[in-house]
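**Student:** Let me begin by handing over the structure; questions about it come next.
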Amino acid sequence: MKNDTPLELDSDNEIARVIDEVMSSALSNEQYRQKMQRRKEVQDKRIAEAAPEKGLIIVNTGNGKGKTTAALGMVLRSLGHGYKVAIIQFIKGAWEPSEKRVFSNWQDQLEFHAMGEGFTWETQDRDRDLDKAGAAWEKSLEYIRNPDFKLVLLDEINIALRMGYLQVEQVLAGLAQKPADKHVILTGRGAPAALIERADLVTEMTLVKHPFKDQGVKAQPGIEY
């Protein structure tokens with residue numbers, strides 16, 4: 001009978017089965033070694049059969065904290081490899097981000113544009129918000145198309161999409177213009193379904209507890225900014 005289960009799911013199921021056996025059984029040292037060897041064989045097979053490098057569209061969304069923070073971790077990795085990176089912030093901009101000061105140490109590799117004027121409840125001017133989002137998107141397209149930049153971070157662009165400042169169709173059309181090896185990260189809660197469908201990697205941050213919501217603790221330097 002033909003097995004229609006994708007290889008990665010077979011591999012995931014095999015690894016999960018091995019872990020369950022290890023966790024639920026009193027294994028001897030030799031049994032444990034055999035189980036771990038089997039897990040290594042499965043993982044090595046997956047790596048050997050994996051596709052070569054590919055430029056990824058990455059979406060960090062959800063109501064939990066950490067979307068931009070996770071993206072900035074990838075920015076640091078890319079800078080560490082010597083790649084050129086561009087960051088365009090769609091919402092933040094009315095205040096000076098601490099990240100901008102830190103990343104100034106990589107001026108030869110990093111282009112940073114904070115093009116918003118704060119959150120929508122701060123600006124209270126929809127037409128100006130539309131203009132700012134449009135300008136940020138045009139700037140983003142410059143870097144998306146530019147083959148010299150390995151990674152482009154579009155910070156809080158999902159908020160601009162959710163508010164109707166940009167249309168998902170125009171963003172998808174822009175992403176289609178990126179070079180094959182370029183990575184683009186799009187952050188912000190409420191990522192539209194069409195963007196999630198197009199993305200190669202999607203992570204949803206789930207809110208469990210938050211110090212402001214649960215305890216009334218204000219945003220703090222080093223944590224939120």
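As shown in the structure tokens, the chain order sets the letters A, B, ...; within each chain, residues go from 1, and ligands are also counted from 1 in the order they appear.
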Give me the residues near Phe149 in chain A as a VMD selection string, where near means some atom within 12 Å (using only C-alpha atoms) and where sequence neighbours in that chain fewer than 3 positions away do not count.
**Tutor:** chain A and resid 55 75 78 to 79 82 to 87 108 to 111 140 to 146 152 to 153 178 to 184
**Student:** Could you pull out the residues in range 37-208 of chain A that DSSP calls strand (DSSP E or B) from the backbone, as a PyMOL selection string?
**Tutor:** chain A and resi 57-61+84-89+110-114+149-155+183-187+201-204
**Student:** Neighbouring residues of Gly116 in chain A were defined as those with any atom within 8 Å, considering only C-alpha atoms; residues of the same chain fewer than 3 positions away were excluded. Please report them as a list of chain:residue names.
**Tutor:** A:Gln89, A:Phe90, A:Ile91, A:Lys92, A:Gly93, A:Ala94, A:Asp129, A:Lys132, A:Ala133, A:Ala136
**Student:** Let's have the selection written as an mmCIF file, in the first residue's frame, with C-alpha atoms.
**Tutor:**
```
data_model
loop_
_atom_site.group_PDB
_atom_site.id
_atom_site.type_symbol
_atom_site.label_atom_id
_atom_site.label_comp_id
_atom_site.auth_asym_id
_atom_site.auth_seq_id
_atom_site.Cartn_x
_atom_site.Cartn_y
_atom_site.Cartn_z
ATOM 1 C CA GLN A 89 10.054 50.033 10.912
ATOM 2 C CA PHE A 90 6.487 50.755 9.815
ATOM 3 C CA ILE A 91 4.980 51.897 13.109
ATOM 4 C CA LYS A 92 7.763 52.821 15.490
ATOM 5 C CA GLY A 93 9.607 56.027 14.775
ATOM 6 C CA ALA A 94 8.345 58.770 17.082
ATOM 7 C CA ASP A 129 -0.431 57.257 8.709
ATOM 8 C CA LYS A 132 3.991 57.165 6.145
ATOM 9 C CA ALA A 133 3.132 53.501 5.505
ATOM 10 C CA ALA A 136 7.934 52.880 4.220
#
```
**Student:** Go through range 24-221 of chain A and collect every residue that DSSP, computed from the backbone, puts in helix (DSSP H, G or I); the answer should be as a ChimeraX atom specification.
**Tutor:** /A:24,29-48,67-80,98-106,120-123,126-145,157-162,168-175,193-198,211-215
**Student:** Go through A:Glu204, A:Val59, A:Ala176, A:Leu151 one by one, measure the shortest atom-to-atom distance of each to Leu76 in chain A using only C-alpha atoms, and give the residue with the smallest value.
**Tutor:** A:Leu151
**Student:** Please measure the separation of CA of Lys100 in chain A and CA of Met115 in chain A, giving the value in Å to one decimal.
**Tutor:**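 CA of Lys100 in chain A sits 12.6 Å away from CA of Met115 in chain A.
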**Student:** Rounded to one decimal in Å, what is the spacing between CA of Trp137 in chain A and CA of Leu186 in chain A?
**Tutor:**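 Distance reported for this atom pair: 11.9 Å.
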**Student:** I'd like to know which of A:Ile157, A:Ala194, A:Ala51, A:Met205 is closest to Leu172 in chain A, using only C-alpha atoms.
**Tutor:** A:Ala194
**Student:** Have a look at CA of Leu175 in chain A and CA of Lys54 in chain A and let me know their distance in Å, one decimal.
**Tutor:**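 Result for CA of Leu175 in chain A versus CA of Lys54 in chain A: 14.0 Å, one decimal.
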**Student:** Which residues come within 10 Å of Met163 in chain A, counting only C-alpha atoms, excluding same-chain residues fewer than 4 positions away, as a ChimeraX atom specification?
**Tutor:** /A:120,126,129-130,157-159,167,190
**Student:** For Glu224 in chain A, which of A:Ala193, A:Pro211, A:Ala71, A:Gln43 is the closest residue, counting only C-alpha atoms?
**Tutor:**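 For Glu224 in chain A, the nearest of the given residues is A:Pro211.
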**Student:** Hey, which of A:His210, A:Pro147, A:Glu41, A:Pro192 ends up closest to Ala160 in chain A? Count only C-alpha atoms.
**Tutor:**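 Of A:His210, A:Pro147, A:Glu41, A:Pro192, the one nearest Ala160 in chain A, counting only C-alpha atoms, is A:Pro192.
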**Student:** Using only C-alpha atoms, which of A:Met74, A:Lys65, A:Lys40, A:His113 sits nearest Ala219 in chain A?
**Tutor:** A:Lys65
